[in-house]
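Source file: run34.pdb. Holds: PDB, C-alpha atoms.
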```pdb
MODEL        1
ATOM      1  CA  MET A   1      98.695  71.611 133.580
ATOM      2  CA  ASP A   2      96.230  74.135 132.224
ATOM      3  CA  ASP A   3      93.549  72.966 129.821
ATOM      4  CA  PRO A   4      94.565  74.077 126.284
ATOM      5  CA  THR A   5      90.911  74.548 125.344
ATOM      6  CA  ARG A   6      90.753  77.530 127.707
ATOM      7  CA  HIS A   7      92.127  79.532 124.771
ATOM      8  CA  LEU A   8      89.108  78.660 122.616
ATOM      9  CA  VAL A   9      87.021  81.651 123.613
ATOM     10  CA  ALA A  10      84.808  83.914 121.526
ATOM     11  CA  ALA A  11      86.787  86.001 119.068
ATOM     12  CA  THR A  12      86.789  89.776 119.459
ATOM     13  CA  ALA A  13      87.591  92.635 117.105
ATOM     14  CA  PRO A  14      90.886  94.405 117.779
ATOM     15  CA  PRO A  15      90.437  97.532 119.904
ATOM     16  CA  ALA A  16      91.060 100.692 117.875
ATOM     17  CA  LEU A  17      94.030 101.805 119.972
ATOM     18  CA  ILE A  18      96.406 104.569 118.915
ATOM     19  CA  ALA A  19      99.341 102.408 120.016
ATOM     20  CA  ASP A  20      98.309  99.784 117.450
ATOM     21  CA  GLY A  21      98.188 102.279 114.594
ATOM     22  CA  TYR A  22      94.497 103.237 114.719
ATOM     23  CA  VAL A  23      95.132 106.952 114.302
ATOM     24  CA  ASN A  24      92.947 109.285 112.239
ATOM     25  CA  LEU A  25      94.862 112.564 111.931
ATOM     26  CA  THR A  26      91.933 114.327 110.242
ATOM     27  CA  GLN A  27      89.360 113.454 112.895
ATOM     28  CA  ALA A  28      89.691 116.912 114.456
ATOM     29  CA  LEU A  29      88.193 118.361 111.279
ATOM     30  CA  ASP A  30      84.914 116.606 112.074
ATOM     31  CA  TYR A  31      84.102 119.397 114.539
ATOM     32  CA  ALA A  32      83.752 121.771 111.571
ATOM     33  CA  SER A  33      81.776 119.337 109.409
ATOM     34  CA  PRO A  34      77.963 119.558 109.363
ATOM     35  CA  SER A  35      77.861 116.081 107.817
ATOM     36  CA  ALA A  36      79.886 114.694 110.723
ATOM     37  CA  TRP A  37      77.504 116.322 113.212
ATOM     38  CA  LEU A  38      74.478 114.879 111.449
ATOM     39  CA  ASN A  39      76.052 111.427 111.218
ATOM     40  CA  ALA A  40      76.986 111.496 114.909
ATOM     41  CA  ALA A  41      73.423 112.471 115.803
ATOM     42  CA  ILE A  42      71.945 109.656 113.713
ATOM     43  CA  THR A  43      74.438 107.176 115.203
ATOM     44  CA  GLY A  44      73.523 108.296 118.713
ATOM     45  CA  MET A  45      69.784 107.916 118.070
ATOM     46  CA  THR A  46      69.771 104.705 115.997
ATOM     47  CA  GLY A  47      73.106 103.021 116.677
ATOM     48  CA  CYS A  48      73.771 102.980 112.925
ATOM     49  CA  ASP A  49      76.856 104.784 111.615
ATOM     50  CA  VAL A  50      75.571 105.874 108.203
ATOM     51  CA  LEU A  51      78.950 106.911 106.775
ATOM     52  CA  ALA A  52      80.661 103.696 107.924
ATOM     53  CA  THR A  53      77.830 101.642 106.477
ATOM     54  CA  LEU A  54      78.075 103.410 103.124
ATOM     55  CA  VAL A  55      81.824 102.856 102.733
ATOM     56  CA  ARG A  56      81.936  99.320 104.174
ATOM     57  CA  PRO A  57      81.261  97.559 100.827
ATOM     58  CA  ILE A  58      84.395  99.276  99.480
ATOM     59  CA  SER A  59      86.709  99.301 102.500
ATOM     60  CA  GLY A  60      85.633  95.969 103.965
ATOM     61  CA  ASP A  61      84.434  95.237 107.490
ATOM     62  CA  TRP A  62      87.596  95.762 109.510
ATOM     63  CA  GLU A  63      85.994  94.422 112.689
ATOM     64  CA  ARG A  64      85.013  91.092 111.091
ATOM     65  CA  ILE A  65      88.470  90.772 109.533
ATOM     66  CA  GLY A  66      90.038  91.417 112.932
ATOM     67  CA  ARG A  67      87.737  88.928 114.671
ATOM     68  CA  TYR A  68      88.704  86.185 112.217
ATOM     69  CA  GLY A  69      92.369  86.832 112.849
ATOM     70  CA  ASN A  70      91.714  86.814 116.588
ATOM     71  CA  ALA A  71      89.967  83.423 116.291
ATOM     72  CA  LEU A  72      92.992  82.000 114.445
ATOM     73  CA  GLY A  73      95.223  83.387 117.173
ATOM     74  CA  HIS A  74      93.178  81.624 119.866
ATOM     75  CA  LEU A  75      93.414  78.349 117.944
ATOM     76  CA  ALA A  76      97.168  78.827 117.567
ATOM     77  CA  GLN A  77      97.517  79.283 121.336
ATOM     78  CA  CYS A  78      95.494  76.135 121.951
ATOM     79  CA  LEU A  79      97.588  74.032 119.571
ATOM     80  CA  GLY A  80     100.795  75.519 120.932
ATOM     81  CA  GLN A  81      99.929  74.579 124.499
ATOM     82  CA  MET A  82      98.841  71.107 123.376
ATOM     83  CA  ALA A  83     102.248  70.675 121.715
ATOM     84  CA  VAL A  84     104.046  71.592 124.936
ATOM     85  CA  GLN A  85     101.930  69.200 126.988
ATOM     86  CA  VAL A  86     102.312  66.305 124.544
ATOM     87  CA  GLU A  87     106.085  66.765 124.455
ATOM     88  CA  THR A  88     106.238  67.044 128.245
ATOM     89  CA  HIS A  89     104.251  63.832 128.733
ATOM     90  CA  ALA A  90     106.391  62.055 126.122
ATOM     91  CA  VAL A  91     109.585  62.934 127.993
ATOM     92  CA  THR A  92     108.057  61.937 131.327
ATOM     93  CA  LEU A  93     106.853  58.625 129.866
ATOM     94  CA  SER A  94     110.251  57.795 128.369
ATOM     95  CA  GLN A  95     111.912  58.140 131.748
ATOM     96  CA  GLY A  96     109.997  55.186 133.176
ATOM     97  CA  TRP A  97     109.432  53.034 130.094
ATOM     98  CA  GLN A  98     112.186  51.268 128.208
ATOM     99  CA  GLY A  99     112.299  49.084 125.112
ATOM    100  CA  ASN A 100     111.268  49.232 121.459
ATOM    101  CA  ALA A 101     107.650  50.050 122.239
ATOM    102  CA  ALA A 102     108.792  52.914 124.455
ATOM    103  CA  ASP A 103     111.045  54.264 121.705
ATOM    104  CA  ALA A 104     108.255  54.024 119.137
ATOM    105  CA  ALA A 105     105.826  55.771 121.506
ATOM    106  CA  TYR A 106     108.299  58.587 122.148
ATOM    107  CA  VAL A 107     108.884  59.127 118.415
ATOM    108  CA  TYR A 108     105.150  59.184 117.752
ATOM    109  CA  PHE A 109     104.340  61.668 120.521
ATOM    110  CA  SER A 110     107.333  63.814 119.644
ATOM    111  CA  ASP A 111     106.205  63.937 115.997
ATOM    112  CA  THR A 112     102.712  64.836 117.146
ATOM    113  CA  ALA A 113     104.053  67.692 119.265
ATOM    114  CA  THR A 114     106.127  68.945 116.327
ATOM    115  CA  GLY A 115     103.084  68.816 114.032
ATOM    116  CA  LEU A 116     101.022  70.761 116.545
ATOM    117  CA  SER A 117     103.760  73.394 116.907
ATOM    118  CA  ARG A 118     104.086  73.859 113.151
ATOM    119  CA  HIS A 119     100.354  74.254 112.689
ATOM    120  CA  ALA A 120     100.284  76.763 115.562
ATOM    121  CA  ALA A 121     103.089  78.784 113.945
ATOM    122  CA  VAL A 122     101.224  79.026 110.633
ATOM    123  CA  LEU A 123      98.021  80.073 112.401
ATOM    124  CA  GLN A 124      99.917  82.727 114.348
ATOM    125  CA  GLY A 125     101.256  84.084 111.060
ATOM    126  CA  ALA A 126      97.720  84.189 109.665
ATOM    127  CA  ASP A 127      96.561  86.009 112.809
ATOM    128  CA  ARG A 128      99.205  88.701 112.276
ATOM    129  CA  GLN A 129      98.307  88.984 108.582
ATOM    130  CA  TYR A 130      94.585  89.412 109.290
ATOM    131  CA  THR A 131      95.379  91.946 112.020
ATOM    132  CA  GLN A 132      97.295  94.034 109.484
ATOM    133  CA  LEU A 133      94.464  93.681 106.957
ATOM    134  CA  ALA A 134      91.988  94.861 109.605
ATOM    135  CA  LEU A 135      94.153  97.916 110.303
ATOM    136  CA  GLY A 136      94.390  98.690 106.588
ATOM    137  CA  ALA A 137      90.618  98.329 106.169
ATOM    138  CA  TRP A 138      90.076 100.674 109.132
ATOM    139  CA  HIS A 139      92.338 103.341 107.644
ATOM    140  CA  LEU A 140      90.646 103.035 104.259
ATOM    141  CA  SER A 141      87.239 103.312 105.925
ATOM    142  CA  GLN A 142      88.294 106.453 107.801
ATOM    143  CA  GLN A 143      89.694 108.085 104.667
ATOM    144  CA  LEU A 144      86.625 107.274 102.593
ATOM    145  CA  GLN A 145      84.325 108.538 105.326
ATOM    146  CA  GLY A 146      86.325 111.758 105.454
ATOM    147  CA  MET A 147      86.007 112.203 101.694
ATOM    148  CA  LEU A 148      82.291 111.420 101.794
ATOM    149  CA  GLN A 149      81.837 114.006 104.544
ATOM    150  CA  SER A 150      83.746 116.525 102.449
ATOM    151  CA  ILE A 151      81.543 115.830  99.417
ATOM    152  CA  CYS A 152      78.379 116.226 101.496
ATOM    153  CA  ASP A 153      79.661 119.444 103.103
ATOM    154  CA  GLN A 154      80.580 120.875  99.700
ATOM    155  CA  ALA A 155      77.151 119.893  98.362
ATOM    156  CA  VAL A 156      75.538 121.851 101.198
ATOM    157  CA  VAL A 157      77.643 124.874 100.277
ATOM    158  CA  VAL A 158      76.605 124.480  96.625
ATOM    159  CA  LEU A 159      72.932 124.551  97.628
ATOM    160  CA  ILE A 160      73.457 127.637  99.770
ATOM    161  CA  GLU A 161      75.339 129.474  97.034
ATOM    162  CA  MET A 162      72.766 128.527  94.403
ATOM    163  CA  ALA A 163      70.010 129.698  96.722
ATOM    164  CA  ALA A 164      71.885 132.965  97.198
ATOM    165  CA  GLY A 165      72.274 133.310  93.427
ATOM    166  CA  THR A 166      68.552 132.738  92.951
ATOM    167  CA  ALA A 167      67.694 135.269  95.660
ATOM    168  CA  LEU A 168      69.915 137.882  93.990
ATOM    169  CA  ILE A 169      68.878 137.046  90.447
ATOM    170  CA  GLU A 170      67.329 140.475  89.977
ATOM    171  CA  THR A 171      70.657 142.199  90.608
ATOM    172  CA  GLY A 172      72.402 140.229  87.886
ATOM    173  CA  VAL A 173      75.888 140.563  89.402
ATOM    174  CA  GLY A 174      74.854 138.866  92.653
ATOM    175  CA  ALA A 175      73.298 135.966  90.800
ATOM    176  CA  LEU A 176      76.416 135.567  88.651
ATOM    177  CA  ALA A 177      78.654 135.534  91.734
ATOM    178  CA  GLY A 178      76.448 132.995  93.514
ATOM    179  CA  TYR A 179      76.309 130.609  90.602
ATOM    180  CA  ALA A 180      80.035 131.022  89.935
ATOM    181  CA  LEU A 181      80.857 130.049  93.516
ATOM    182  CA  ALA A 182      78.499 127.082  93.218
ATOM    183  CA  ALA A 183      80.308 125.986  90.041
ATOM    184  CA  LEU A 184      83.640 126.147  91.889
ATOM    185  CA  GLN A 185      82.267 123.975  94.672
ATOM    186  CA  ILE A 186      80.960 121.446  92.159
ATOM    187  CA  ALA A 187      84.451 121.332  90.638
ATOM    188  CA  ASN A 188      85.832 120.668  94.117
ATOM    189  CA  ILE A 189      83.360 117.822  94.547
ATOM    190  CA  VAL A 190      84.483 116.281  91.253
ATOM    191  CA  ARG A 191      88.132 116.516  92.366
ATOM    192  CA  THR A 192      87.306 114.912  95.716
ATOM    193  CA  ILE A 193      85.541 112.045  93.943
ATOM    194  CA  ALA A 194      88.594 111.607  91.706
ATOM    195  CA  LYS A 195      90.835 111.456  94.802
ATOM    196  CA  ALA A 196      88.537 108.850  96.325
ATOM    197  CA  SER A 197      88.790 106.768  93.161
ATOM    198  CA  VAL A 198      92.604 106.871  93.272
ATOM    199  CA  LEU A 199      92.563 105.995  96.974
ATOM    200  CA  ILE A 200      90.268 103.012  96.390
ATOM    201  CA  GLN A 201      92.503 101.681  93.597
ATOM    202  CA  ALA A 202      95.622 102.003  95.751
ATOM    203  CA  ALA A 203      93.888 100.366  98.709
ATOM    204  CA  HIS A 204      92.710  97.447  96.598
ATOM    205  CA  ALA A 205      96.286  96.938  95.426
ATOM    206  CA  LEU A 206      97.448  96.756  99.052
ATOM    207  CA  VAL A 207      94.631  94.342  99.898
ATOM    208  CA  ASP A 208      95.680  92.135  96.990
ATOM    209  CA  VAL A 209      99.212  92.056  98.410
ATOM    210  CA  GLY A 210      97.832  91.136 101.831
ATOM    211  CA  PHE A 211      95.722  88.299 100.476
ATOM    212  CA  ALA A 212      98.678  87.081  98.426
ATOM    213  CA  GLY A 213     100.504  86.679 101.733
ATOM    214  CA  LEU A 214      97.539  84.766 103.132
ATOM    215  CA  THR A 215      97.585  82.491 100.089
ATOM    216  CA  GLY A 216     101.197  81.685 100.880
ATOM    217  CA  LEU A 217     100.269  80.881 104.482
ATOM    218  CA  LEU A 218      97.445  78.607 103.327
ATOM    219  CA  LYS A 219      99.919  76.777 101.088
ATOM    220  CA  ASP A 220     102.285  76.401 104.035
ATOM    221  CA  PHE A 221      99.402  75.075 106.109
ATOM    222  CA  GLY A 222      98.508  72.531 103.407
ATOM    223  CA  ASP A 223     102.138  71.463 103.021
ATOM    224  CA  LEU A 224     102.269  70.584 106.719
ATOM    225  CA  GLY A 225      99.861  67.704 106.199
ATOM    226  CA  GLY A 226      97.832  66.232 109.024
ATOM    227  CA  ILE A 227      98.862  65.979 112.646
ATOM    228  CA  PRO A 228      99.971  62.391 113.444
ATOM    229  CA  ALA A 229      97.175  60.542 115.185
ATOM    230  CA  GLN A 230      96.633  56.890 116.074
ATOM    231  CA  THR A 231      93.413  55.225 115.000
ATOM    232  CA  HIS A 232      93.388  52.919 118.036
ATOM    233  CA  ALA A 233      94.828  52.749 121.516
ATOM    234  CA  TYR A 234      98.167  51.044 122.167
ATOM    235  CA  HIS A 235      97.967  47.410 123.299
ATOM    236  CA  ALA A 236     101.013  45.761 124.805
ATOM    237  CA  PRO A 237     101.940  42.430 123.169
ATOM    238  CA  ILE A 238     100.994  39.299 125.139
ATOM    239  CA  ALA A 239     104.040  37.393 126.326
ATOM    240  CA  GLN A 240     104.188  33.899 124.869
ATOM    241  CA  GLY A 241     104.827  31.173 127.427
TER
ENDMDL
END
```
What is this file in C-alpha cells?
Amino acid sequence: MDDPTRHLVAATAPPALIADGYVNLTQALDYASPSAWLNAAITGMTGCDVLATLVRPISGDWERIGRYGNALGHLAQCLGQMAVQVETHAVTLSQGWQGNAADAAYVYFSDTATGLSRHAAVLQGADRQYTQLALGAWHLSQQLQGMLQSICDQAVVVLIEMAAGTALIETGVGALAGYALAALQIANIVRTIAKASVLIQAAHALVDVGFAGLTGLLKDFGDLGGIPAQTHAYHAPIAQG
C-alpha cells in the first residue's frame, strides 16, 4: 500500500484558472489605463505589484488563504488513506484471528478508521470553504484594483485639465472650461470612491458568512473528539498451567 504521508507535501496557492471562476471581465480595459501600464512596468522591474499590495489589507491575501485550504486538503487525503489502510488491515487480521481479543481488536481498529474518516471529511469541507474564500478575495482584489486604477486615471485627467485651464487663464473662457472639466472629474473620483466603499462593505459581509461556515466546521471538528489510540501495545494473556 502507498504511504499516506506522501500527501503531506508543501501547500500551493490555487492557480487562477478561468475554469475555477478566476475571471476578470474588465481586464481588457487595462490596455487603455495609464495607471495599469505604469503598474505593469513597476511590477516587471521590481516584482512588486503596487496595486495588489495597496488593496491587500482590505481584500485579504487570496494566495495565502488558498494555500491554507490546500494544506488542509492534503491532510484530509492523508487521514483518508490512513482510514482505508487501517480498516483493510483490521479485516485482514480478523480473518485469521478468532476469540474475544480478536473481536476487541477489530472493534478498536474499526473505530479508529471511522474516526480518521470523519476527521478527513471535516478537513475536506474546510478545504472547500477556504478555496471559496480565496476566490472571493481574488475577485474583491481585482475589483478594488480596477477602481484604484480608475481613480488614478481620473486624477491624471484632472491635472491635465487644470493645467490646460491655467494655460488658458488669459482667455477667461478657456480657463473656465478647463476648471469645469476638472471639477467634473473630481466628482467622478468621489463617486468611484463611494462605489469602492459600498463594494468593501458588501465583500466584508460575504467574508463574514464564509467565516461563519468555517466556525461551524471547527465546531464539527471539535465534536468529533480524538481519534482512538492505544497508549501501549497489545500483549496476549499468559496461559495459566
Quick one: which residues end up in the PyMOL selection byres ((chain A and resi 1-9) around 6) for this structure, as a list in words?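 Matching residues under the PyMOL selection byres ((chain A and resi 1-9) around 6) are Ala10, His74, Cys78, Gln81 and Met82 of chain A.
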Given the selection you just returned, output its residues as a file containing C-alpha atoms, formatted as a PDB file, in the frame of the given file.
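Saved result, selection30.pdb, follows:
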```
ATOM      1  CA  ALA A  10      84.808  83.914 121.526  1.00  0.00           C
ATOM      2  CA  HIS A  74      93.178  81.624 119.866  1.00  0.00           C
ATOM      3  CA  CYS A  78      95.494  76.135 121.951  1.00  0.00           C
ATOM      4  CA  GLN A  81      99.929  74.579 124.499  1.00  0.00           C
ATOM      5  CA  MET A  82      98.841  71.107 123.376  1.00  0.00           C
TER       6      MET A  82
END
```
So, counting only C-alpha atoms, which residue among A:Val91, A:Cys152, A:Leu75, A:Ala134 is closest to A:Ala120?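 Looking at the shortest contact to A:Ala120, the residue is A:Leu75.
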**Q.** atom CA of A:Ala36 to atom CA of A:Thr131, distance in Å rounded to a single decimal
**A.**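 A separation of 27.6 Å between them.
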Q: Run the PyMOL selection byres ((chain A and resi 89) around 12) on the file and write out the hits as a ChimeraX atom specification.
A: /A:1,82-88,90-96,105-106,108-110,112-113
Residues of the last selection are to be written out with C-alpha atoms, as a short mmCIF file (atom, residue, chain, number, x, y, z; two decimals), keeping the file's coordinate frame.
```cif
data_model
loop_
_atom_site.label_atom_id
_atom_site.label_comp_id
_atom_site.auth_asym_id
_atom_site.auth_seq_id
_atom_site.Cartn_x
_atom_site.Cartn_y
_atom_site.Cartn_z
CA MET A 1 98.70 71.61 133.58
CA MET A 82 98.84 71.11 123.38
CA ALA A 83 102.25 70.68 121.72
CA VAL A 84 104.05 71.59 124.94
CA GLN A 85 101.93 69.20 126.99
CA VAL A 86 102.31 66.31 124.54
CA GLU A 87 106.08 66.76 124.46
CA THR A 88 106.24 67.04 128.24
CA ALA A 90 106.39 62.06 126.12
CA VAL A 91 109.58 62.93 127.99
CA THR A 92 108.06 61.94 131.33
CA LEU A 93 106.85 58.62 129.87
CA SER A 94 110.25 57.80 128.37
CA GLN A 95 111.91 58.14 131.75
CA GLY A 96 110.00 55.19 133.18
CA ALA A 105 105.83 55.77 121.51
CA TYR A 106 108.30 58.59 122.15
CA TYR A 108 105.15 59.18 117.75
CA PHE A 109 104.34 61.67 120.52
CA SER A 110 107.33 63.81 119.64
CA THR A 112 102.71 64.84 117.15
CA ALA A 113 104.05 67.69 119.26
#
```
Around (79.9, 109.1, 115.0), as given in the file, which residues come within 8 Å? Count only C-alpha atoms and list them as an mmCIF file with C-alpha atoms, in the frame of the given file.
```
data_model
loop_
_atom_site.group_PDB
_atom_site.id
_atom_site.type_symbol
_atom_site.label_atom_id
_atom_site.label_comp_id
_atom_site.auth_asym_id
_atom_site.auth_seq_id
_atom_site.Cartn_x
_atom_site.Cartn_y
_atom_site.Cartn_z
ATOM 1 C CA ALA A 36 79.886 114.694 110.723
ATOM 2 C CA TRP A 37 77.504 116.322 113.212
ATOM 3 C CA ASN A 39 76.052 111.427 111.218
ATOM 4 C CA ALA A 40 76.986 111.496 114.909
ATOM 5 C CA ALA A 41 73.423 112.471 115.803
ATOM 6 C CA THR A 43 74.438 107.176 115.203
ATOM 7 C CA GLY A 44 73.523 108.296 118.713
ATOM 8 C CA ASP A 49 76.856 104.784 111.615
#
```
Separating atom CA of A:Val50 from atom CA of A:Asn70, to the nearest tenth of an Å, is a gap of 26.3 Å
Query - Spatial neighbours of A:Leu51, 7 Å, all atoms listed in the file, chain gap at least 3 places, as a PyMOL selection string - result: chain A and resi 39+54-55+145
| field | Interatomic distance (Å, one decimal) between atom CA of A:Gln124 and atom CA of A:Tyr68 | value |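 It comes out at 11.9 Å.
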- List every protein, DNA or RNA residue that has at least one atom no more than 9 Å from (101.4, 69.9, 115.9) in the file's coordinates, counting all atoms listed in the file, and write the result as a PyMOL selection string. chain A and resi 79-80+82-83+111-120+226-228
Per-axis box centre and lengths in Å around stretch 100-107 of chain A, 5 Å margin per side, axis-aligned, as JSON:
```
{"center_x": 108.5, "center_y": 54.2, "center_z": 121.4, "size_x": 15.4, "size_y": 19.9, "size_z": 16.0}
```
_Env of A:Pro14: 7 Å cut, atoms = only C-alpha atoms, seq-sep filter 2 positions within chain, self excluded. Answer as a ChimeraX atom specification._
/A:12,16,66
Note to self: With the PyMOL selection byres ((chain A and resi 69) around 8) as the selection, what would be picked from this file? Answer as a count of residues only, please.
What the structure shows: 14
